[in-house]
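Structure data follow from input.cif (mmCIF, C-alpha atoms):
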data_upload
#
loop_
_atom_site.label_atom_id
_atom_site.label_comp_id
_atom_site.auth_asym_id
_atom_site.auth_seq_id
_atom_site.Cartn_x
_atom_site.Cartn_y
_atom_site.Cartn_z
CA MET Z 12 211.55 170.27 166.97
CA ARG Z 13 215.24 170.98 166.39
CA LEU Z 14 217.47 169.15 168.82
CA ARG Z 15 219.73 171.16 171.11
CA LEU Z 16 222.32 168.58 171.91
CA ALA Z 17 225.47 168.46 173.95
CA ALA Z 18 228.60 168.40 171.82
CA ALA Z 19 231.73 166.33 171.33
CA ALA Z 20 234.88 166.86 169.28
CA ALA Z 21 236.13 164.80 166.45
CA LEU Z 22 239.21 163.73 164.49
CA ALA Z 23 238.49 160.06 164.27
CA LEU Z 24 236.36 157.90 162.03
CA THR Z 25 232.78 156.97 162.90
CA ILE Z 26 232.16 153.71 164.75
CA THR Z 27 229.27 151.38 164.02
CA ALA Z 28 229.73 148.94 166.88
CA CYS Z 29 226.80 146.81 167.99
CA ALA Z 30 225.70 147.26 171.57
CA PRO Z 31 226.08 144.40 174.03
CA SER Z 32 223.28 143.29 176.29
CA THR Z 33 223.58 146.35 178.51
CA SER Z 34 223.17 149.87 177.21
CA ALA Z 35 223.82 151.72 180.47
CA PRO Z 36 226.91 153.92 180.16
CA SER Z 37 229.01 152.15 182.78
CA SER Z 38 229.90 151.65 186.37
CA GLY Z 39 232.59 153.77 187.94
CA ALA Z 40 236.29 152.97 187.76
CA THR Z 41 237.62 153.97 191.15
CA ASP Z 42 238.90 150.84 192.83
CA GLY Z 43 238.76 147.09 192.60
CA GLY Z 44 240.55 144.35 190.77
CA PRO Z 45 244.04 142.99 191.39
CA ARG Z 46 246.71 145.56 192.27
CA THR Z 47 249.40 143.48 190.59
CA GLY Z 48 249.77 141.56 187.34
CA ALA Z 49 249.49 142.64 183.72
CA LEU Z 50 247.64 145.85 182.89
CA LYS Z 51 246.37 145.79 179.30
CA VAL Z 52 246.45 149.04 177.31
CA TRP Z 53 245.30 149.85 173.77
CA LEU Z 54 246.76 152.92 172.10
CA PHE Z 55 246.38 154.05 168.50
CA ASP Z 56 249.14 153.20 166.10
CA GLU Z 57 250.78 156.06 164.21
CA PRO Z 58 252.52 156.34 160.83
CA ASN Z 59 255.63 157.21 162.84
CA ARG Z 60 255.06 155.45 166.13
CA GLY Z 61 258.60 155.79 167.47
CA PRO Z 62 258.33 159.13 169.30
CA LYS Z 63 254.96 158.22 170.85
CA GLU Z 64 256.22 154.82 171.91
CA ALA Z 65 259.31 156.35 173.51
CA VAL Z 66 257.16 158.57 175.75
CA VAL Z 67 254.86 155.67 176.63
CA LYS Z 68 257.85 153.56 177.63
CA LYS Z 69 258.92 156.28 180.07
CA VAL Z 70 255.41 156.31 181.54
CA ILE Z 71 255.52 152.53 181.94
CA ALA Z 72 258.89 152.69 183.67
CA GLU Z 73 257.62 155.26 186.17
CA PHE Z 74 254.37 153.38 186.69
CA THR Z 75 255.92 149.96 187.30
CA ALA Z 76 258.48 151.47 189.67
CA ALA Z 77 255.59 152.75 191.79
CA HIS Z 78 253.53 149.56 191.40
CA PRO Z 79 255.65 146.48 192.27
CA ASP Z 80 254.80 143.18 190.62
CA THR Z 81 252.94 144.99 187.85
CA THR Z 82 253.58 144.94 184.12
CA VAL Z 83 252.00 146.97 181.34
CA ASP Z 84 251.12 145.32 178.04
CA VAL Z 85 250.59 148.00 175.39
CA GLN Z 86 249.10 147.09 172.04
CA TYR Z 87 249.16 149.68 169.26
CA ILE Z 88 245.99 149.09 167.30
CA ALA Z 89 245.24 150.20 163.75
CA VAL Z 90 242.92 153.19 163.62
CA ASP Z 91 241.10 151.94 160.52
CA THR Z 92 240.03 148.67 162.16
CA ARG Z 93 239.48 149.88 165.71
CA SER Z 94 235.69 149.59 165.37
CA GLU Z 95 235.88 145.82 165.17
CA ARG Z 96 238.43 145.63 167.99
CA PHE Z 97 236.34 147.73 170.35
CA LYS Z 98 233.12 145.95 169.43
CA GLY Z 99 234.71 142.63 170.29
CA ALA Z 100 236.05 143.92 173.60
CA PHE Z 101 232.68 145.35 174.58
CA ASN Z 102 231.03 141.99 174.07
CA ASP Z 103 233.81 139.75 175.44
CA PRO Z 104 235.13 140.73 178.88
CA ALA Z 105 237.99 138.26 178.58
CA SER Z 106 239.41 140.15 175.61
CA ALA Z 107 238.87 143.64 176.99
CA PRO Z 108 241.87 145.86 177.75
CA ASP Z 109 241.92 148.03 180.84
CA VAL Z 110 242.95 151.42 179.41
CA VAL Z 111 242.07 152.60 175.90
CA GLU Z 112 242.74 155.53 173.61
CA TYR Z 113 239.78 156.55 171.49
CA GLY Z 114 238.81 159.41 169.21
CA ASN Z 115 236.44 161.88 170.80
CA THR Z 116 233.88 161.45 168.03
CA ASP Z 117 233.86 157.75 168.88
CA LEU Z 118 232.27 158.64 172.22
CA PRO Z 119 228.55 158.52 171.29
CA GLU Z 120 228.84 155.02 169.82
CA TYR Z 121 230.93 153.72 172.70
CA ALA Z 122 228.67 155.31 175.30
CA THR Z 123 225.57 153.85 173.65
CA ALA Z 124 227.26 150.44 173.66
CA GLY Z 125 227.88 150.79 177.40
CA GLY Z 126 231.54 149.92 176.96
CA LEU Z 127 233.26 152.68 178.93
CA ALA Z 128 233.55 153.23 182.67
CA ASP Z 129 232.41 156.36 184.47
CA LEU Z 130 235.54 158.38 185.30
CA GLY Z 131 233.87 161.11 187.33
CA THR Z 132 235.34 159.96 190.64
CA VAL Z 133 238.73 159.20 189.09
CA VAL Z 134 239.06 162.72 187.71
CA GLY Z 135 237.55 164.24 190.84
CA ASN Z 136 240.23 162.60 192.97
CA TRP Z 137 243.06 163.32 190.53
CA HIS Z 138 245.13 166.28 191.69
CA GLU Z 139 245.47 167.56 188.12
CA GLY Z 140 241.87 166.91 187.15
CA ALA Z 141 240.71 170.45 187.90
CA ASP Z 142 243.27 171.73 185.38
CA LEU Z 143 241.51 170.16 182.40
CA ALA Z 144 240.20 172.68 179.89
CA ALA Z 145 236.42 172.83 180.22
CA ASP Z 146 235.67 172.39 176.51
CA ALA Z 147 238.01 169.43 176.32
CA LYS Z 148 236.34 167.83 179.32
CA ALA Z 149 232.95 168.34 177.69
CA SER Z 150 234.15 166.37 174.68
CA ALA Z 151 234.55 163.32 176.94
CA THR Z 152 231.16 163.68 178.62
CA TYR Z 153 228.03 161.89 177.42
CA GLN Z 154 224.63 162.69 178.90
CA GLY Z 155 226.27 164.06 182.01
CA THR Z 156 228.67 161.15 182.56
CA LEU Z 157 232.42 161.62 182.15
CA LEU Z 158 233.64 158.64 180.13
CA GLY Z 159 237.20 159.67 179.35
CA VAL Z 160 240.08 162.00 180.09
CA PRO Z 161 240.89 164.32 177.17
CA TRP Z 162 244.47 163.50 176.19
CA TYR Z 163 245.19 165.94 173.39
CA LEU Z 164 243.48 168.36 171.03
CA GLY Z 165 243.95 169.72 167.55
CA VAL Z 166 242.48 173.03 166.39
CA ARG Z 167 242.78 175.29 163.37
CA ALA Z 168 243.91 178.89 163.04
CA LEU Z 169 244.80 181.29 160.25
CA TYR Z 170 248.18 180.80 158.55
CA TYR Z 171 249.31 183.74 156.41
CA ARG Z 172 252.28 184.54 154.20
CA THR Z 173 254.36 187.19 155.93
CA ASP Z 174 256.34 188.04 152.78
CA VAL Z 175 253.22 188.60 150.67
CA PHE Z 176 251.54 190.67 153.38
CA SER Z 177 254.68 192.79 153.78
CA GLU Z 178 254.99 193.31 150.04
CA LEU Z 179 251.35 194.43 149.74
CA GLY Z 180 251.26 196.42 152.98
CA LEU Z 181 248.62 194.20 154.56
CA LYS Z 182 247.96 193.30 158.18
CA PRO Z 183 246.50 190.06 159.54
CA PRO Z 184 242.71 190.43 159.47
CA ALA Z 185 241.00 191.31 162.74
CA THR Z 186 237.49 190.26 161.68
CA LEU Z 187 235.95 187.83 159.21
CA THR Z 188 234.91 190.80 157.09
CA GLU Z 189 238.53 191.95 156.99
CA LEU Z 190 239.54 188.41 156.06
CA THR Z 191 237.38 188.69 152.95
CA THR Z 192 238.67 192.13 151.93
CA THR Z 193 242.28 191.07 152.59
CA ALA Z 194 241.85 187.93 150.52
CA ARG Z 195 240.43 189.93 147.63
CA ALA Z 196 243.26 192.45 147.87
CA VAL Z 197 245.82 189.66 147.54
CA ARG Z 198 244.02 188.11 144.58
CA ALA Z 199 243.78 191.48 142.81
CA ALA Z 200 247.47 192.24 143.30
CA ARG Z 201 248.71 188.69 142.82
CA PRO Z 202 246.37 186.89 140.36
CA ASP Z 203 248.72 183.90 140.48
CA MET Z 204 247.64 183.29 144.11
CA PHE Z 205 244.42 182.62 145.94
CA GLY Z 206 243.78 185.10 148.75
CA VAL Z 207 242.67 182.45 151.23
CA ALA Z 208 242.40 178.77 150.36
CA VAL Z 209 238.87 177.56 151.06
CA GLY Z 210 237.10 174.44 149.89
CA GLY Z 211 233.57 173.30 149.29
CA LYS Z 212 234.42 170.00 150.99
CA TYR Z 213 236.31 171.57 153.87
CA THR Z 214 233.69 171.22 156.60
CA PHE Z 215 235.92 172.21 159.49
CA GLY Z 216 237.10 175.29 157.64
CA ALA Z 217 233.52 176.40 157.10
CA LEU Z 218 232.05 175.67 160.53
CA PRO Z 219 233.99 178.43 162.38
CA PHE Z 220 232.18 180.95 160.14
CA VAL Z 221 228.85 179.40 161.11
CA TRP Z 222 229.70 179.32 164.82
CA ALA Z 223 231.14 182.85 164.80
CA HIS Z 224 227.82 184.16 163.47
CA GLY Z 225 225.92 182.38 166.25
CA GLY Z 226 224.80 179.36 164.22
CA ASP Z 227 225.28 175.65 164.79
CA ILE Z 228 225.10 172.28 163.07
CA THR Z 229 221.81 171.45 164.78
CA SER Z 230 220.30 174.75 163.60
CA ILE Z 231 221.98 174.91 160.21
CA ASP Z 232 218.95 176.57 158.59
CA SER Z 233 218.78 179.40 161.15
CA ALA Z 234 219.45 183.00 160.13
CA GLN Z 235 222.74 182.95 162.03
CA SER Z 236 223.97 179.76 160.40
CA ARG Z 237 222.98 181.03 156.98
CA ALA Z 238 224.91 184.27 157.58
CA GLY Z 239 228.03 182.29 158.42
CA LEU Z 240 227.65 179.99 155.44
CA THR Z 241 227.12 182.98 153.17
CA ALA Z 242 230.35 184.53 154.43
CA TYR Z 243 232.29 181.32 153.83
CA THR Z 244 230.90 180.41 150.42
CA GLY Z 245 231.37 184.01 149.32
CA LEU Z 246 235.10 183.30 149.40
CA ILE Z 247 234.71 180.55 146.79
CA ALA Z 248 234.61 183.09 144.01
CA GLU Z 249 236.71 184.43 141.14
CA ASP Z 250 238.03 187.29 143.26
CA ASN Z 251 239.55 184.89 145.80
CA CYS Z 252 239.37 181.12 145.19
CA PRO Z 253 237.45 180.38 141.95
CA PRO Z 254 234.76 177.69 142.08
CA GLN Z 255 236.38 175.71 139.27
CA ASN Z 256 239.47 175.37 141.49
CA CYS Z 257 238.00 175.37 144.97
CA ALA Z 258 234.43 174.06 145.02
CA ASP Z 259 235.52 170.48 145.62
CA LEU Z 260 238.61 171.16 147.74
CA THR Z 261 239.01 169.16 150.95
CA GLY Z 262 240.86 170.29 154.04
CA GLY Z 263 243.91 168.34 152.92
CA LYS Z 264 243.96 170.08 149.56
CA THR Z 265 243.76 173.51 151.19
CA VAL Z 266 246.85 172.60 153.22
CA GLU Z 267 248.61 171.71 149.98
CA LEU Z 268 247.64 175.02 148.38
CA PHE Z 269 249.11 177.05 151.24
CA ALA Z 270 252.20 174.89 151.67
CA SER Z 271 253.00 175.04 147.96
CA GLY Z 272 252.80 178.84 147.86
CA LYS Z 273 249.57 179.03 145.85
CA ALA Z 274 247.56 180.74 148.59
CA ALA Z 275 248.37 183.70 150.83
CA MET Z 276 246.21 182.42 153.69
CA GLY Z 277 244.80 179.13 154.87
CA ILE Z 278 242.71 177.84 157.79
CA LEU Z 279 245.02 175.07 158.94
CA GLY Z 280 245.65 173.07 162.09
CA ASN Z 281 248.55 172.99 164.48
CA PHE Z 282 248.94 169.43 163.19
CA ASN Z 283 249.61 170.77 159.67
CA ARG Z 284 252.84 172.50 160.65
CA ALA Z 285 255.13 169.79 159.30
CA ALA Z 286 253.31 169.72 155.96
CA VAL Z 287 253.64 173.48 155.59
CA ASP Z 288 257.30 173.41 156.54
CA ALA Z 289 257.87 170.77 153.86
CA GLY Z 290 256.63 173.20 151.19
CA THR Z 291 257.78 176.45 149.67
CA ALA Z 292 255.97 178.45 152.36
CA LYS Z 293 258.51 177.35 154.97
CA GLY Z 294 259.99 180.28 156.84
CA LYS Z 295 257.61 182.73 155.16
CA TYR Z 296 254.47 182.41 157.26
CA ALA Z 297 252.99 183.22 160.64
CA VAL Z 298 249.81 182.16 162.43
CA VAL Z 299 247.05 184.10 164.21
CA PRO Z 300 243.71 182.90 165.56
CA LEU Z 301 240.96 182.94 162.96
CA PRO Z 302 239.09 186.15 163.80
CA GLY Z 303 235.40 186.31 164.62
CA VAL Z 304 232.70 188.75 163.61
CA ALA Z 305 233.72 191.50 166.05
CA ALA Z 306 237.22 192.96 166.20
CA GLY Z 307 239.25 191.23 168.89
CA SER Z 308 237.11 188.12 168.90
CA ILE Z 309 238.17 184.63 167.85
CA ALA Z 310 235.99 182.38 165.72
CA PRO Z 311 235.15 179.16 167.58
CA ALA Z 312 237.26 176.32 166.20
CA PHE Z 313 236.40 172.67 165.86
CA ALA Z 314 238.50 170.81 168.43
CA GLY Z 315 239.36 167.28 167.43
CA GLY Z 316 241.42 165.00 169.58
CA ASN Z 317 241.66 161.77 171.50
CA ASN Z 318 240.60 160.67 174.96
CA LEU Z 319 241.88 158.04 177.36
CA GLY Z 320 239.26 155.80 178.90
CA ILE Z 321 238.82 152.73 181.07
CA MET Z 322 236.80 149.84 179.76
CA ARG Z 323 233.71 148.85 181.69
CA ASN Z 324 235.02 145.27 181.48
CA ALA Z 325 238.47 146.22 182.82
CA GLN Z 326 239.99 143.52 185.02
CA ARG Z 327 242.16 146.01 186.96
CA PRO Z 328 240.18 149.29 187.20
CA ALA Z 329 242.19 150.69 190.10
CA LEU Z 330 245.51 150.12 188.36
CA ALA Z 331 243.97 151.43 185.16
CA ALA Z 332 243.03 154.68 186.88
CA ASP Z 333 246.56 155.12 188.20
CA PHE Z 334 248.11 154.48 184.79
CA LEU Z 335 245.64 156.68 182.91
CA THR Z 336 246.15 159.70 185.17
CA LEU Z 337 249.93 159.33 184.96
CA LEU Z 338 249.89 159.13 181.16
CA ALA Z 339 247.43 162.04 180.93
CA GLY Z 340 249.28 164.21 183.45
CA ARG Z 341 251.07 167.49 182.82
CA LYS Z 342 254.55 165.97 182.66
CA TYR Z 343 253.76 163.52 179.90
CA GLN Z 344 251.32 165.77 178.03
CA ALA Z 345 254.22 168.20 177.60
CA GLU Z 346 256.53 165.37 176.50
CA MET Z 347 253.91 164.10 174.07
CA TYR Z 348 253.77 167.55 172.50
CA ASP Z 349 257.53 167.46 172.03
CA ALA Z 350 257.24 164.00 170.49
CA MET Z 351 254.07 164.28 168.40
CA GLY Z 352 252.95 167.92 168.37
CA ASN Z 353 249.77 167.06 170.32
CA LEU Z 354 248.18 170.09 172.02
CA PRO Z 355 247.75 169.48 175.76
CA THR Z 356 244.35 169.49 177.43
CA LEU Z 357 245.72 170.51 180.83
CA LYS Z 358 246.08 174.27 181.09
CA SER Z 359 249.38 174.03 182.97
CA ALA Z 360 250.84 171.78 180.26
CA GLY Z 361 249.63 174.22 177.60
CA THR Z 362 251.39 177.08 179.37
CA GLU Z 363 254.59 175.04 179.53
CA VAL Z 364 254.40 174.21 175.83
CA VAL Z 365 253.79 177.83 174.80
CA ALA Z 366 256.81 178.93 176.83
CA LYS Z 367 258.97 176.56 174.80
CA ASP Z 368 257.36 177.08 171.38
CA ALA Z 369 255.66 180.38 170.50
CA PHE Z 370 254.12 178.79 167.40
CA VAL Z 371 251.55 177.12 169.67
CA LYS Z 372 250.13 180.32 171.18
CA PRO Z 373 247.54 181.14 168.46
CA PHE Z 374 246.15 177.63 168.88
CA THR Z 375 246.04 177.71 172.68
CA ASP Z 376 244.46 181.18 172.47
CA THR Z 377 241.83 179.66 170.18
CA ILE Z 378 241.18 176.89 172.68
CA ASP Z 379 240.97 179.39 175.54
CA ALA Z 380 238.44 181.47 173.57
CA GLY Z 381 236.12 178.47 173.34
CA THR Z 382 235.92 175.56 170.93
CA ARG Z 383 232.92 173.82 169.41
CA PHE Z 384 232.08 170.26 168.52
CA VAL Z 385 229.88 168.05 166.42
CA PRO Z 386 226.60 166.87 168.01
CA LEU Z 387 227.20 164.32 170.71
CA ASP Z 388 224.75 161.82 169.32
CA PRO Z 389 225.17 158.44 167.60
CA GLY Z 390 223.37 159.95 164.61
CA TRP Z 391 226.38 162.14 163.87
CA GLY Z 392 227.98 159.09 162.26
CA ARG Z 393 225.21 158.97 159.66
CA ILE Z 394 225.50 162.69 159.00
CA ASP Z 395 229.25 162.46 158.56
CA ALA Z 396 229.18 159.29 156.44
CA SER Z 397 226.52 160.82 154.16
CA ALA Z 398 228.61 164.00 153.68
CA VAL Z 399 225.60 166.16 154.53
CA LEU Z 400 227.58 169.29 155.38
CA PRO Z 401 230.17 169.24 152.56
CA THR Z 402 227.39 168.51 150.07
CA MET Z 403 225.53 171.55 151.38
CA ILE Z 404 228.58 173.78 151.06
CA GLU Z 405 229.50 172.50 147.61
CA LYS Z 406 225.98 173.05 146.26
CA VAL Z 407 226.12 176.69 147.29
CA ALA Z 408 229.66 177.13 145.99
CA THR Z 409 228.75 175.73 142.56
CA GLY Z 410 225.47 177.61 142.28
CA LYS Z 411 223.37 174.43 142.35
CA ALA Z 412 221.40 175.76 145.30
CA SER Z 413 220.97 178.97 147.23
CA VAL Z 414 222.08 179.17 150.84
CA ASP Z 415 218.46 178.93 151.97
CA GLN Z 416 217.77 175.90 149.78
CA ALA Z 417 220.95 174.04 150.71
CA THR Z 418 220.59 174.64 154.44
CA ALA Z 419 216.93 173.65 154.45
CA GLU Z 420 217.82 170.35 152.78
CA ALA Z 421 220.73 169.74 155.16
CA ALA Z 422 218.62 170.60 158.22
CA LYS Z 423 216.04 167.99 157.29
CA LEU Z 424 218.71 165.30 156.95
CA ILE Z 425 220.38 166.33 160.22
CA ASP Z 426 217.13 166.26 162.14
CA GLU Z 427 216.23 162.84 160.74
CA ALA Z 428 219.61 161.43 161.74
CA LEU Z 429 219.60 162.90 165.25
CA THR Z 430 216.02 162.10 166.19
CA ARG Z 431 215.90 158.40 165.28
#

Take the structure in the file and give it back as structure tokens.
Amino acid sequence: MRLRLAAAAALALTITACAPSTSAPSSGATDGGPRTGALKVWLFDEPNRGPKEAVVKKVIAEFTAAHPDTTVDVQYIAVDTRSERFKGAFNDPASAPDVVEYGNTDLPEYATAGGLADLGTVVGNWHEGADLAADAKASATYQGTLLGVPWYLGVRALYYRTDVFSELGLKPPATLTELTTTARAVRAARPDMFGVAVGGKYTFGALPFVWAHGGDITSIDSAQSRAGLTAYTGLIAEDNCPPQNCADLTGGKTVELFASGKAAMGILGNFNRAAVDAGTAKGKYAVVPLPGVAAGSIAPAFAGGNNLGIMRNAQRPALAADFLTLLAGRKYQAEMYDAMGNLPTLKSAGTEVVAKDAFVKPFTDTIDAGTRFVPLDPGWGRIDASAVLPTMIEKVATGKASVDQATAEAAKLIDEALTR
């Protein structure tokens, strides 16, 4: 029987941590532990850490002013090696930090390991907790237990070249069908360009088509999923993005195509803005939500992002809760957007950001319309590591398999991974 699982978002790499002796999710983090001393915090390092660190230092200053005789020790840990760091902390209470940042696709592994504290009461008592976007909150929930506070999100929308559209008398597409006809019109008039950059290895560009048609990863061989996959792979064709150029394109390569002026449209993230502005497309593009099947609808986007959690082994859970809710609050979510471009998860912070930067609105509109996630199951790691979905897409794009054949094969692998 096909699983119908809860979902979680993802930007981060899959974790393969071993579980400690307990596999229960966690106890709650509401009070307890010393109210003074050194609070230990792990945050992810960044290629350009400076702006993030500057905001965190402001949070620390406010926190320590309100908590006398308290210090905050922040370690910026490498994303690539975080699996080993977390695994060690789960198994050794003495080495465990109090507050942690983790990718929201890390959640199934961490929850199975029993390493995170239940934050239901923390968020319930937090005056800004009710302002969390529902889909974002779901991405931090495992089997009904809230194990993190969503800190920021990243979603994709449709970038398009305003100069090309003006020259050809085109309007931004209002449906996925119009997206196809618009892309073909560009390619016919401008054979030096792709209409819309799409890739056989661009999983999170393809999934909105599947979701918009009513399909899902856990029912990838359903009629609805097959309709969405047919719509997407139909764009990897000579009249838009030829297979010899696009069948093996990743999401990163599609960003490069749009930024360099070789594509009139691209399904890109808010986090790709700097890359686009570094290319020839700078100043010649706009963004709208990726449309759905019906006019006026928005295709569900994959929402990746990071959460803030409290370790089950935290020595100062009460202080940890105070620090986490301050860092995750509206004030500093808005400042973190200014510093890093991270989309807020609090609706009030999102409204504040949109008021300052209209570029963000298509992405917040996409979030408001409803986002989707990968299966919230430890087996997702095996699916992702085995490239089940991009292999499926690429086989169809290259003619090695029909949509029915490729989805049937992928469904079998997905079910095997999720039902172990």

Worksheet entry | Residue IDs satisfying the PyMOL selection byres ((chain Z and resi 303) around 8), as a count of residues only | 16

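Here CA of Phe101 (chain Z) and CA of Gly126 (chain Z) stand 5.3 Å from one another.
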
Worksheet entry | Answer key for the PyMOL selection byres ((chain Z and resi 246) around 9), residues as a list in words | Thr191, Ala194, Arg195, Gly206, Val207, Ala208, Val209, Thr241, Ala242, Tyr243, Thr244, Gly245, Ile247, Ala248, Glu249, Asp250, Asn251, Cys252, Pro253 and Ala408 of chain Z

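For the pair CA of Asn102 (chain Z) and CA of Ile321 (chain Z), the interatomic distance is 15.0 Å.
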
Worksheet item: If you apply the PyMOL selection byres ((chain Z and resi 138) around 12) to this file, what residues do you get, as a PyMOL selection string?
Response: chain Z and resi 132-137+139-143+333+336-337+339-341+357

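Minimum atom-to-atom distance to Pro328 (chain Z), evaluated using all atoms listed in the file, belongs to Z:Asp129 out of Z:Glu57, Z:Asp227, Z:Asp129, Z:Glu73.
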
Discussion item. So, with only C-alpha atoms as the atoms that count, which of Z:Asp388, Z:Asp109, Z:Asp232, Z:Asp174 lies closest to Gly272 (chain Z)?
Written reply: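 Of all the options, Z:Asp174 lies closest to Gly272 (chain Z).
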
Discussion item. Ranking Z:Pro300, Z:Gly125, Z:Gly114, Z:Gly381 by minimum distance to Asp91 (chain Z) and counting only C-alpha atoms, which one comes first?
Written reply: Z:Gly114

Practice prompt. Please work out which residues fall within 12 Å of (253.0, 176.6, 178.3), coordinates as given in the file, with only C-alpha atoms counting, and return them as a ChimeraX atom specification.
Written response: /Z:341-342,344-346,348-349,354-372,374-376

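The interatomic distance for the pair CA of Leu387 (chain Z) and CA of Tyr153 (chain Z) works out to 7.2 Å.
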
Item to complete: Please determine the residues with any atom at most 10 Å from (239.2, 152.6, 182.4) (coordinates as given in the file, with all atoms listed in the file counting) and report them as a VMD selection string.
Response: chain Z and resid 39 to 41 52 108 to 112 126 to 130 133 158 to 160 319 to 335

Worksheet item: Using only C-alpha atoms, which of Z:Thr265, Z:Thr173, Z:Thr47, Z:Thr75 sits nearest Lys212 (chain Z)?
Response: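 That would be Z:Thr265, the residue with the smallest distance to Lys212 (chain Z).
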
Need the axis-aligned box for region 345-364 of chain Z with 6 Å each side, so what are the centre and edges in Å to one decimal, as lines of an AutoDock Vina configuration file?
center_x = 250.9
center_y = 170.5
center_z = 175.7
size_x = 25.2
size_y = 25.1
size_z = 26.6

Item to complete: List the neighbours of region 409-413 of chain Z out to 7 Å using all atoms listed in the file; skip same-chain residues closer than 3 positions along the sequence, and give me the result as a ChimeraX atom specification.
Response: /Z:254,258,405-406,416-417

Fill in: Given all atoms listed in the file as the counted atoms, nearest of Z:Val298, Z:Ala124, Z:Ala312, Z:Ala289 to Thr382 (chain Z)
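Among Z:Val298, Z:Ala124, Z:Ala312, Z:Ala289, it is Z:Ala312 that comes nearest to Thr382 (chain Z).
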
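Each of Z:Ala168, Z:Ala145, Z:Ala107, Z:Ala65 was checked against Trp53 (chain Z) using only C-alpha atoms; the smallest atom-to-atom distance is that of Z:Ala107.
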
Worksheet item: If you count only C-alpha atoms, which residues fall within 12 Å of Leu279 (chain Z), apart from same-chain ones fewer than 6 positions away, as JSON, numbers by chain?
Response: {"Z": [165, 166, 167, 168, 169, 170, 171, 207, 208, 209, 213, 215, 216, 217, 261, 262, 263, 264, 265, 266, 267, 268, 269, 270, 285, 286, 287, 297, 298, 299, 300, 301, 312, 313, 373, 374]}

Item to complete: Pick out the residues sitting within 9 Å of Gly390 (chain Z), and hand them over as a PyMOL selection string; count all atoms listed in the file, and ignore anything fewer than 3 positions along from it in its own chain.
Response: chain Z and resi 119+386-387+393-395+425+427-431

Mind writing the picked residues with C-alpha atoms as a compact mmCIF listing (two decimals), in the coordinates of the input?
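Once written, out_19.txt looks like this:
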# COMPACT_ATOMS: atom_id res chain seq x y z
CA PRO Z 119 228.55 158.52 171.29
CA PRO Z 386 226.60 166.87 168.01
CA LEU Z 387 227.20 164.32 170.71
CA ARG Z 393 225.21 158.97 159.66
CA ILE Z 394 225.50 162.69 159.00
CA ASP Z 395 229.25 162.46 158.56
CA ILE Z 425 220.38 166.33 160.22
CA GLU Z 427 216.23 162.84 160.74
CA ALA Z 428 219.61 161.43 161.74
CA LEU Z 429 219.60 162.90 165.25
CA THR Z 430 216.02 162.10 166.19
CA ARG Z 431 215.90 158.40 165.28
